[in-house]
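Shown next: query-v3.txt, containing compact mmCIF, C-alpha atoms.
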```txt
# COMPACT_ATOMS: atom_id res chain seq x y z
CA MET H 21 60.81 85.60 104.17
CA MET H 22 60.54 89.27 105.28
CA LYS H 23 58.13 90.17 108.03
CA LEU H 24 55.48 92.80 107.21
CA PRO H 25 57.18 95.64 109.17
CA GLN H 26 60.42 94.93 107.29
CA GLN H 27 58.60 95.00 103.97
CA ARG H 28 56.98 98.33 104.80
CA ALA H 29 60.31 99.78 105.92
CA LEU H 30 61.92 98.67 102.66
CA LYS H 31 59.09 100.25 100.64
CA ARG H 32 59.49 103.50 102.55
CA LYS H 33 63.25 103.45 101.92
CA ARG H 34 62.65 102.93 98.20
CA ARG H 35 60.14 105.77 98.10
CA PHE H 36 62.59 108.13 99.78
CA SER H 37 65.38 106.99 97.44
CA ARG H 38 63.21 107.69 94.41
CA ALA H 39 62.23 111.09 95.79
CA ILE H 40 65.90 111.97 96.36
CA ALA H 41 66.83 110.80 92.87
CA LEU H 42 64.09 112.92 91.27
CA THR H 43 65.17 115.95 93.24
CA LEU H 44 68.80 115.44 92.17
CA ILE H 45 67.71 115.27 88.52
CA PHE H 46 65.99 118.61 88.94
CA LEU H 47 68.90 120.25 90.74
CA LEU H 48 71.43 118.91 88.25
CA ALA H 49 69.44 120.25 85.32
CA SER H 50 69.23 123.62 87.04
CA SER H 51 72.94 123.73 87.84
CA LEU H 52 74.14 123.03 84.32
CA GLY H 53 73.50 126.64 83.39
CA TYR H 54 71.30 125.96 80.40
CA VAL H 55 68.70 128.55 81.28
CA LEU H 56 69.05 131.66 79.16
CA ALA H 57 67.04 134.80 79.60
CA ALA H 58 64.41 135.42 76.95
CA SER H 59 65.25 138.39 74.77
CA SER H 60 62.13 140.38 75.62
CA PRO H 61 59.90 138.60 78.15
CA GLN H 62 56.42 139.99 78.54
CA SER H 63 55.41 141.07 82.02
CA TYR H 64 52.70 138.83 83.39
CA GLU H 65 49.29 140.26 84.27
CA TRP H 66 47.63 138.34 87.11
CA ASN H 67 44.23 139.97 86.48
CA LEU H 68 43.26 139.74 90.14
CA PRO H 69 40.42 141.52 91.93
CA ALA H 70 41.61 144.70 93.61
CA LYS H 71 41.54 143.22 97.11
CA MET H 72 43.41 140.02 96.24
CA PRO H 73 47.14 139.70 97.01
CA LYS H 74 49.51 138.31 94.42
CA PRO H 75 50.92 134.80 94.79
CA ILE H 76 54.57 134.37 95.71
CA VAL H 77 56.69 133.25 92.75
CA PRO H 78 60.16 131.72 93.23
CA ASP H 79 63.07 134.05 92.46
CA ASP H 80 64.61 131.42 90.17
CA ASN H 81 61.46 131.14 88.06
CA PRO H 82 59.86 134.56 87.52
CA ILE H 83 56.56 134.19 85.73
CA THR H 84 56.20 135.48 82.17
CA ALA H 85 53.51 135.16 79.56
CA GLN H 86 55.90 133.10 77.40
CA LYS H 87 56.54 130.56 80.15
CA VAL H 88 52.84 130.27 80.82
CA GLU H 89 52.08 129.61 77.16
CA LEU H 90 54.83 126.99 76.90
CA GLY H 91 53.60 125.37 80.11
CA ARG H 92 50.07 125.29 78.73
CA HIS H 93 51.24 123.27 75.72
CA LEU H 94 53.21 120.91 77.95
CA PHE H 95 50.27 120.48 80.34
CA TYR H 96 48.13 119.14 77.49
CA GLU H 97 50.94 117.24 75.72
CA LYS H 98 50.04 113.54 75.52
CA ARG H 99 53.40 112.61 74.03
CA LEU H 100 54.86 113.14 77.48
CA SER H 101 53.32 109.84 78.59
CA ILE H 102 54.47 106.25 78.10
CA THR H 103 51.39 105.44 76.01
CA GLY H 104 51.10 108.73 74.14
CA GLU H 105 47.49 108.96 75.35
CA TYR H 106 47.82 110.75 78.72
CA SER H 107 48.80 114.24 79.82
CA CYS H 108 48.60 116.31 82.99
CA ALA H 109 45.14 117.33 81.80
CA SER H 110 43.96 113.71 81.84
CA CYS H 111 43.69 113.90 85.63
CA HIS H 112 43.06 117.66 85.76
CA GLU H 113 40.23 118.59 83.39
CA GLN H 114 39.34 122.25 83.04
CA LYS H 115 35.58 121.59 83.01
CA ARG H 116 35.89 119.98 86.46
CA ALA H 117 38.03 122.79 87.90
CA PHE H 118 41.09 120.73 87.00
CA THR H 119 40.03 117.50 88.69
CA ASP H 120 38.85 114.30 86.94
CA GLY H 121 35.57 113.18 88.56
CA LYS H 122 37.03 109.83 89.66
CA PRO H 123 37.47 108.56 93.22
CA VAL H 124 41.21 108.14 92.63
CA GLY H 125 43.53 109.04 89.79
CA ILE H 126 44.23 106.51 87.04
CA GLY H 127 47.69 106.58 85.46
CA ALA H 128 48.72 106.13 81.84
CA THR H 129 49.14 102.37 82.32
CA GLY H 130 45.76 101.97 84.01
CA GLU H 131 47.15 101.78 87.54
CA ALA H 132 44.80 103.16 90.18
CA HIS H 133 46.37 105.66 92.54
CA PRO H 134 45.63 105.70 96.27
CA ARG H 135 44.46 109.32 96.16
CA ASN H 136 41.98 111.61 94.51
CA SER H 137 43.15 114.11 91.88
CA MET H 138 43.17 117.43 93.72
CA SER H 139 41.92 120.63 92.10
CA LEU H 140 44.58 122.93 90.67
CA ALA H 141 42.44 126.06 91.10
CA ASN H 142 44.54 128.78 92.74
CA ILE H 143 47.43 126.37 93.23
CA ALA H 144 49.72 129.43 93.11
CA TYR H 145 48.48 130.24 96.62
CA ASN H 146 49.25 126.78 98.04
CA SER H 147 52.07 126.51 100.57
CA VAL H 148 52.38 122.74 100.08
CA PHE H 149 51.50 120.38 97.24
CA THR H 150 49.91 116.92 97.18
CA TRP H 151 47.63 115.64 99.91
CA ALA H 152 50.09 114.73 102.61
CA ASN H 153 53.74 115.54 101.95
CA PRO H 154 54.91 118.52 104.04
CA LEU H 155 58.23 118.43 102.17
CA MET H 156 56.69 119.13 98.75
CA THR H 157 56.69 122.92 98.69
CA ARG H 158 57.80 123.75 95.10
CA LEU H 159 55.65 123.27 92.02
CA GLU H 160 58.83 122.92 89.97
CA THR H 161 59.84 119.87 92.02
CA GLN H 162 56.34 118.41 92.21
CA ALA H 163 56.12 118.34 88.40
CA LEU H 164 58.79 115.61 88.40
CA VAL H 165 56.53 113.21 90.27
CA PRO H 166 53.81 112.68 87.62
CA LEU H 167 56.46 112.58 84.90
CA PHE H 168 58.85 110.10 86.46
CA GLY H 169 57.14 108.55 89.49
CA GLU H 170 56.88 104.74 89.51
CA HIS H 171 54.72 103.96 92.53
CA PRO H 172 52.13 104.69 91.32
CA VAL H 173 52.76 105.27 87.62
CA GLU H 174 51.25 108.50 86.35
CA LEU H 175 52.78 109.52 83.02
CA GLY H 176 55.37 106.74 83.24
CA MET H 177 58.38 108.46 81.67
CA VAL H 178 61.08 107.32 84.10
CA GLY H 179 64.25 106.46 82.19
CA LYS H 180 62.98 108.31 79.11
CA GLU H 181 64.43 111.72 79.83
CA ASP H 182 66.46 111.75 76.61
CA GLN H 183 63.37 110.75 74.65
CA ILE H 184 61.45 113.71 76.10
CA LEU H 185 64.19 116.18 75.20
CA ALA H 186 64.55 114.76 71.69
CA LEU H 187 60.80 115.08 71.14
CA LEU H 188 60.79 118.72 72.23
CA ARG H 189 63.94 119.67 70.34
CA GLN H 190 62.66 118.16 67.10
CA ASP H 191 59.24 119.82 67.27
CA PRO H 192 59.20 123.26 65.56
CA THR H 193 56.43 124.57 67.80
CA TYR H 194 58.28 123.65 70.99
CA ARG H 195 61.56 125.06 69.66
CA GLN H 196 59.77 128.35 69.11
CA LEU H 197 58.02 128.27 72.50
CA PHE H 198 61.18 127.40 74.45
CA THR H 199 63.11 130.14 72.64
CA ALA H 200 60.45 132.71 73.54
CA ALA H 201 60.44 131.59 77.18
CA PHE H 202 64.09 130.79 77.86
CA GLY H 203 66.25 132.07 75.03
CA THR H 204 67.95 130.59 72.00
CA GLY H 205 69.92 127.39 71.74
CA GLU H 206 69.04 123.72 71.81
CA LYS H 207 70.30 123.40 75.38
CA ALA H 208 67.58 125.80 76.55
CA ILE H 209 65.26 122.80 76.08
CA ASN H 210 65.99 120.87 79.26
CA LEU H 211 64.10 119.24 82.13
CA SER H 212 64.61 122.16 84.46
CA ASN H 213 63.00 124.58 82.02
CA LEU H 214 60.24 122.08 81.26
CA THR H 215 59.22 121.96 84.93
CA LYS H 216 59.55 125.74 85.26
CA ALA H 217 57.16 126.21 82.36
CA LEU H 218 54.66 123.70 83.75
CA ALA H 219 54.80 125.41 87.14
CA SER H 220 54.24 128.80 85.50
CA PHE H 221 51.12 127.60 83.69
CA GLU H 222 49.78 126.03 86.87
CA ARG H 223 50.28 129.32 88.71
CA SER H 224 48.12 130.98 86.05
CA LEU H 225 45.11 128.85 87.06
CA ILE H 226 43.49 131.67 89.03
CA SER H 227 39.85 131.43 90.10
CA PHE H 228 38.40 134.54 91.75
CA ASN H 229 35.29 135.22 89.68
CA SER H 230 32.59 133.13 91.32
CA PRO H 231 29.24 134.66 92.31
CA TYR H 232 30.56 134.69 95.88
CA ASP H 233 33.61 136.71 94.80
CA ARG H 234 31.40 139.24 93.03
CA TYR H 235 29.28 139.51 96.17
CA ARG H 236 32.03 139.62 98.78
CA PHE H 237 34.86 141.41 96.95
CA ARG H 238 33.22 143.43 94.17
CA GLY H 239 30.20 144.85 95.94
CA ASP H 240 27.49 143.06 93.94
CA ARG H 241 24.95 142.39 96.70
CA ALA H 242 22.66 140.53 94.29
CA ALA H 243 25.33 138.10 93.06
CA ILE H 244 24.28 135.35 95.48
CA SER H 245 20.94 134.37 96.97
CA ALA H 246 19.66 135.07 100.46
CA SER H 247 20.03 131.35 101.11
CA ALA H 248 23.71 131.46 100.16
CA LYS H 249 24.24 134.46 102.43
CA ARG H 250 22.77 132.52 105.34
CA GLY H 251 24.97 129.61 104.37
CA GLU H 252 28.05 131.84 104.47
CA ALA H 253 27.17 132.85 108.03
CA LEU H 254 26.77 129.19 109.01
CA PHE H 255 30.07 128.27 107.36
CA HIS H 256 31.90 130.89 109.42
CA SER H 257 30.15 130.09 112.69
CA GLU H 258 31.79 128.42 115.69
CA ARG H 259 28.96 125.89 115.65
CA MET H 260 29.97 124.53 112.26
CA GLU H 261 33.75 125.02 112.61
CA CYS H 262 34.21 124.87 108.78
CA PHE H 263 36.27 128.05 108.52
CA HIS H 264 39.04 126.82 110.82
CA CYS H 265 40.37 124.50 108.10
CA HIS H 266 38.74 126.10 105.04
CA GLY H 267 39.17 129.79 105.74
CA GLY H 268 40.83 132.73 104.06
CA LEU H 269 40.77 133.85 100.46
CA ASN H 270 41.33 130.32 99.12
CA PHE H 271 39.20 128.43 101.66
CA SER H 272 42.21 126.43 102.83
CA ASP H 273 44.56 126.78 105.79
CA SER H 274 47.66 125.84 103.76
CA ILE H 275 48.37 129.11 102.01
CA LYS H 276 50.98 131.72 101.19
CA HIS H 277 50.87 135.08 99.41
CA GLU H 278 52.55 138.46 99.44
CA ARG H 279 50.56 139.85 102.36
CA LEU H 280 51.24 137.02 104.80
CA ALA H 281 54.10 137.45 107.24
CA PHE H 282 54.63 133.68 107.31
CA THR H 283 53.61 130.59 105.37
CA GLU H 284 50.61 128.71 106.71
CA MET H 285 50.65 124.92 106.42
CA ALA H 286 48.32 122.45 108.15
CA PHE H 287 47.16 118.85 107.93
CA HIS H 288 44.12 117.30 109.62
CA ASN H 289 42.65 113.94 110.59
CA THR H 290 38.90 114.21 109.96
CA GLY H 291 37.84 110.86 111.42
CA LEU H 292 37.31 109.29 108.02
CA TYR H 293 38.65 105.94 109.28
CA ASN H 294 39.43 104.15 112.53
CA ILE H 295 40.13 100.62 111.37
CA ASP H 296 41.50 99.01 114.53
CA GLY H 297 39.86 101.28 117.07
CA LYS H 298 43.28 102.81 117.68
CA GLY H 299 43.23 105.35 114.89
CA SER H 300 44.60 103.38 111.93
CA TYR H 301 43.93 104.38 108.32
CA PRO H 302 44.27 102.14 105.23
CA SER H 303 47.93 101.15 104.80
CA ASN H 304 48.23 102.89 101.41
CA ASN H 305 46.71 106.13 102.75
CA THR H 306 48.17 106.97 106.13
CA GLY H 307 48.63 110.67 105.43
CA VAL H 308 51.58 112.62 106.83
CA TYR H 309 52.47 109.53 108.89
CA GLU H 310 53.93 107.98 105.72
CA ILE H 311 56.57 110.73 105.68
CA THR H 312 57.21 111.29 109.38
CA GLN H 313 56.42 107.89 110.94
CA GLN H 314 55.03 109.86 113.89
CA THR H 315 51.93 108.23 115.37
CA ALA H 316 50.14 111.54 115.84
CA ASP H 317 50.35 112.14 112.06
CA MET H 318 48.23 109.10 111.22
CA GLY H 319 45.41 110.11 108.87
CA ARG H 320 46.43 113.76 108.60
CA PHE H 321 45.80 115.28 105.15
CA LYS H 322 45.73 118.79 103.72
CA ALA H 323 42.45 120.70 103.63
CA PRO H 324 42.10 121.50 99.91
CA THR H 325 40.49 124.65 98.55
CA LEU H 326 36.70 124.69 98.48
CA ARG H 327 36.64 126.93 95.43
CA ASN H 328 34.58 125.24 92.69
CA ILE H 329 33.80 122.48 95.19
CA ALA H 330 30.47 121.66 93.49
CA LEU H 331 32.46 120.60 90.40
CA THR H 332 35.09 118.45 92.08
CA ALA H 333 33.23 115.41 93.42
CA PRO H 334 33.94 112.84 94.76
CA TYR H 335 35.48 114.17 97.95
CA MET H 336 38.20 113.48 100.53
CA HIS H 337 41.75 112.33 99.84
CA ASP H 338 40.58 108.95 98.54
CA GLY H 339 37.35 110.02 96.85
CA SER H 340 35.34 107.89 99.28
CA ILE H 341 32.54 110.43 99.82
CA ALA H 342 30.42 110.87 96.73
CA THR H 343 28.42 114.08 97.27
CA LEU H 344 28.48 117.38 99.12
CA GLU H 345 25.46 116.23 101.09
CA GLU H 346 27.38 113.18 102.28
CA ALA H 347 30.39 115.34 103.12
CA ILE H 348 28.25 117.58 105.33
CA GLU H 349 26.84 114.50 107.05
CA HIS H 350 30.37 113.20 107.71
CA TYR H 351 31.22 116.41 109.56
CA ARG H 352 27.80 116.63 111.25
CA VAL H 353 28.37 113.34 113.05
CA GLY H 354 32.00 114.16 113.81
CA GLY H 355 33.54 111.33 111.80
CA ARG H 356 32.36 108.50 109.57
CA THR H 357 31.27 105.09 110.77
CA LEU H 358 31.86 102.15 108.43
CA HIS H 359 29.82 99.19 109.64
CA SER H 360 31.38 96.46 107.51
CA GLY H 361 34.26 95.63 105.20
CA GLU H 362 38.02 95.76 105.62
CA TYR H 363 37.93 99.40 106.75
CA ALA H 364 35.09 99.05 109.28
CA GLY H 365 35.40 101.32 112.27
CA VAL H 366 33.99 104.34 114.11
CA GLY H 367 35.75 107.39 112.76
CA ARG H 368 34.34 109.81 115.31
CA GLU H 369 36.28 107.87 117.98
CA ASN H 370 39.62 108.16 116.17
CA PRO H 371 42.12 109.29 118.84
CA PHE H 372 44.05 111.40 116.30
CA LYS H 373 41.04 113.27 114.99
CA SER H 374 41.24 117.07 114.75
CA GLN H 375 39.64 119.04 117.59
CA PHE H 376 37.60 120.88 114.97
CA ILE H 377 35.77 117.69 113.92
CA SER H 378 33.44 117.56 116.90
CA GLY H 379 30.06 117.29 115.17
CA PHE H 380 27.18 119.76 115.09
CA GLU H 381 23.43 120.06 114.82
CA ILE H 382 22.00 121.37 111.56
CA ALA H 383 18.41 121.69 110.39
CA GLU H 384 17.39 120.69 106.87
CA ALA H 385 16.79 124.33 105.91
CA GLU H 386 20.26 125.24 107.19
CA LYS H 387 21.77 122.40 105.19
CA ARG H 388 20.17 123.82 102.06
CA ASP H 389 21.63 127.23 102.91
CA LEU H 390 25.10 125.76 103.39
CA LEU H 391 24.87 123.96 100.05
CA ALA H 392 23.75 127.18 98.36
CA PHE H 393 26.84 128.92 99.73
CA LEU H 394 29.15 126.13 98.54
CA HIS H 395 27.59 126.24 95.06
CA SER H 396 28.17 130.01 94.97
CA LEU H 397 31.91 129.27 94.91
CA THR H 398 31.68 127.92 91.34
CA ASP H 399 33.58 130.11 88.89
CA GLU H 400 32.08 129.52 85.45
CA SER H 401 34.59 131.80 83.72
CA PHE H 402 37.45 129.73 85.14
CA ILE H 403 36.23 126.46 83.65
CA SER H 404 35.56 128.06 80.25
CA ASN H 405 38.55 130.40 79.94
CA PRO H 406 40.17 129.64 76.55
CA ALA H 407 43.57 130.78 77.85
CA LEU H 408 43.56 127.74 80.14
CA SER H 409 42.30 125.23 77.60
CA ASP H 410 44.04 122.77 75.30
CA PRO H 411 45.87 124.86 72.66
CA ASN H 412 45.43 122.03 70.16
CA GLU H 413 41.64 122.23 70.31
CA LYS H 414 40.12 125.17 68.51
```
Step by step, read the file and then write its structure as structure tokens.
Amino acid sequence: MMKLPQQRALKRKRRFSRAIALTLIFLLASSLGYVLAASSPQSYEWNLPAKMPKPIVPDDNPITAQKVELGRHLFYEKRLSITGEYSCASCHEQKRAFTDGKPVGIGATGEAHPRNSMSLANIAYNSVFTWANPLMTRLETQALVPLFGEHPVELGMVGKEDQILALLRQDPTYRQLFTAAFGTGEKAINLSNLTKALASFERSLISFNSPYDRYRFRGDRAAISASAKRGEALFHSERMECFHCHGGLNFSDSIKHERLAFTEMAFHNTGLYNIDGKGSYPSNNTGVYEITQQTADMGRFKAPTLRNIALTAPYMHDGSIATLEEAIEHYRVGGRTLHSGEYAGVGRENPFKSQFISGFEIAEAEKRDLLAFLHSLTDESFISNPALSDPNEK
């Protein structure tokens, strides 16, 4: 019988093998030369505020309005799941800023995932995708994971690649959409172009029209309350330390855009767990450590955007903090203490915890100000924009 370390090593090997296989599928589809230029692609209008830089788009997948529209249909397409009842949008609902309101994602077969469904707002500005994989830096590659991943199952379509292509090639609407985006010919409908279209739609999920944006970037001094303005000052203070991990235009320190000289990518241990007193996290949620096997990476996860944060509860990588008030308390004490249960431990004493999670004092009035600021990041036009909604629902 295998010992536990051997079992874990075997699981890691299988995960890496699956990741390599998925990547090869993507590269093979790209190399077959099926992608044809659309006859007259429309230039894409980002519709950004004047002071906002454009996202960086891969040279091999220039964004067009046709790709975005095709990707929108695919994003909401339930026939791309093993049950015919799930789509990308099942875990990324527009009304919740493209999250799902659950502690962790639930796949098409009912399997619970180890991690929370992260918001897709402004994903075009992300330098890395998923919570804790520093190798996942292309949306086109990441799209393969929900489609074909097995551990955990998301859409559950592994081994059904031919079925997917047959579905799309037989559907008149998809034939028209693929032709507009990638040119004529049945072979233009392939997995590479499918992921390119999905990535293009995801890059269109731009959210820069919150009250805070109107105040800070468009000169509307009355767009947010005096309380929210005080909260902004607190957020950016050295006492609170929030801005170190949630700074910049997207309130995240993993970011890239046309004005940056280099890509910024960071992962942090926030003292959420300390199971054995030596820094351990739950075995199915060890963060970057799962990829690198470096002790110092235990419990390190990406700091997600705080845009629309009031809509995206519950919080943290495993959805284990229910409210914004509880999240502030977690950081106030410098790490969470769990007094009982299998994950009991004093998070503030985690030896791998980020230096920015040191705790702080905050009065009740200041807490209200901080919450007012966080609520001012809600972009109502983003969650109601019909261009981002299910094209099958009128």
By how many Å are atom CA of Pro406 of chain H and atom CA of Tyr335 of chain H apart?
->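 Interatomic distance here is 26.8 Å.
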Near-segment 302-305 of chain H list (8 Å; only C-alpha atoms; drop same-chain fewer than 3 positions) as a JSON list (two decimals) with C-alpha atoms, in the coordinates of the input:
```
[["chain", "number", "residue", "atom", "x", "y", "z"],
["H", 134, "PRO", "CA", 45.63, 105.70, 96.27],
["H", 135, "ARG", "CA", 44.46, 109.32, 96.16],
["H", 293, "TYR", "CA", 38.65, 105.94, 109.28],
["H", 295, "ILE", "CA", 40.13, 100.62, 111.37],
["H", 319, "GLY", "CA", 45.41, 110.11, 108.87],
["H", 338, "ASP", "CA", 40.58, 108.95, 98.54],
["H", 363, "TYR", "CA", 37.93, 99.40, 106.75]]
```
Dig up all the protein and nucleic acid residues within 12 Å of (41.4, 108.1, 113.4) in the file frame, using all atoms listed in the file, and format them as a PyMOL selection string.
-> chain H and resi 288-302+306-307+315-321+354-357+363-375+377
Taking all atoms listed in the file into account, which of H:Val88, H:Ala208, H:Ala383, H:Leu391 comes nearest Thr343 of chain H?
->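 Of H:Val88, H:Ala208, H:Ala383, H:Leu391, the one nearest Thr343 of chain H, counting all atoms listed in the file, is H:Leu391.
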Cut-off 12 Å around (43.0, 113.5, 82.6) with only C-alpha atoms: residues as an mmCIF file with C-alpha atoms, keeping the file's coordinate frame:
```
data_model
loop_
_atom_site.group_PDB
_atom_site.id
_atom_site.type_symbol
_atom_site.label_atom_id
_atom_site.label_comp_id
_atom_site.auth_asym_id
_atom_site.auth_seq_id
_atom_site.Cartn_x
_atom_site.Cartn_y
_atom_site.Cartn_z
ATOM 1 C CA PHE H 95 50.270 120.480 80.340
ATOM 2 C CA TYR H 96 48.130 119.140 77.490
ATOM 3 C CA GLU H 97 50.940 117.240 75.720
ATOM 4 C CA LYS H 98 50.040 113.540 75.520
ATOM 5 C CA SER H 101 53.320 109.840 78.590
ATOM 6 C CA GLU H 105 47.490 108.960 75.350
ATOM 7 C CA TYR H 106 47.820 110.750 78.720
ATOM 8 C CA SER H 107 48.800 114.240 79.820
ATOM 9 C CA CYS H 108 48.600 116.310 82.990
ATOM 10 C CA ALA H 109 45.140 117.330 81.800
ATOM 11 C CA SER H 110 43.960 113.710 81.840
ATOM 12 C CA CYS H 111 43.690 113.900 85.630
ATOM 13 C CA HIS H 112 43.060 117.660 85.760
ATOM 14 C CA GLU H 113 40.230 118.590 83.390
ATOM 15 C CA GLN H 114 39.340 122.250 83.040
ATOM 16 C CA LYS H 115 35.580 121.590 83.010
ATOM 17 C CA ARG H 116 35.890 119.980 86.460
ATOM 18 C CA ALA H 117 38.030 122.790 87.900
ATOM 19 C CA PHE H 118 41.090 120.730 87.000
ATOM 20 C CA THR H 119 40.030 117.500 88.690
ATOM 21 C CA ASP H 120 38.850 114.300 86.940
ATOM 22 C CA GLY H 121 35.570 113.180 88.560
ATOM 23 C CA LYS H 122 37.030 109.830 89.660
ATOM 24 C CA VAL H 124 41.210 108.140 92.630
ATOM 25 C CA GLY H 125 43.530 109.040 89.790
ATOM 26 C CA ILE H 126 44.230 106.510 87.040
ATOM 27 C CA GLY H 127 47.690 106.580 85.460
ATOM 28 C CA ALA H 128 48.720 106.130 81.840
ATOM 29 C CA GLY H 130 45.760 101.970 84.010
ATOM 30 C CA SER H 137 43.150 114.110 91.880
ATOM 31 C CA MET H 138 43.170 117.430 93.720
ATOM 32 C CA SER H 139 41.920 120.630 92.100
ATOM 33 C CA PRO H 166 53.810 112.680 87.620
ATOM 34 C CA GLU H 174 51.250 108.500 86.350
ATOM 35 C CA LEU H 175 52.780 109.520 83.020
ATOM 36 C CA ASP H 410 44.040 122.770 75.300
#
```
Point-to-point distance in Å for atom CA of Ala144 of chain H and atom CA of Phe263 of chain H |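 According to the coordinates, atom CA of Phe263 of chain H and atom CA of Ala144 of chain H are separated by 20.5 Å.
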Find, counting all atoms listed in the file, the residue in H:Gly268, H:Gly361, H:Gly251, H:Gly203 that gets nearest to Gln86 of chain H.
-> H:Gly203
Which one of H:Asn136, H:Ser224, H:Ser147, H:Ser274 sits closest to Thr332 of chain H if you count only C-alpha atoms?
->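 Of the candidates, the smallest distance to Thr332 of chain H is held by H:Asn136.
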Have a look at atom CA of Ile76 of chain H and atom CA of Tyr145 of chain H and let me know their distance in Å, one decimal.
->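 Spanning atom CA of Ile76 of chain H to atom CA of Tyr145 of chain H is a straight-line distance of 7.4 Å.
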Any idea what's packed within 10 Å of Arg279 of chain H, counting only C-alpha atoms, ignoring anything in its chain fewer than 5 positions away? Could you give it as a ChimeraX atom specification?
-> /H:72-76
Just the residues within 7 Å of Ala392 of chain H, please, counting all atoms listed in the file, with nothing from its chain fewer than 2 positions along; format it as a list in words.
->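 Within the cut-off, the hits are Ser247, Ala248, Gly251, Arg388, Asp389, Leu390, Leu394, His395 and Ser396 of chain H.
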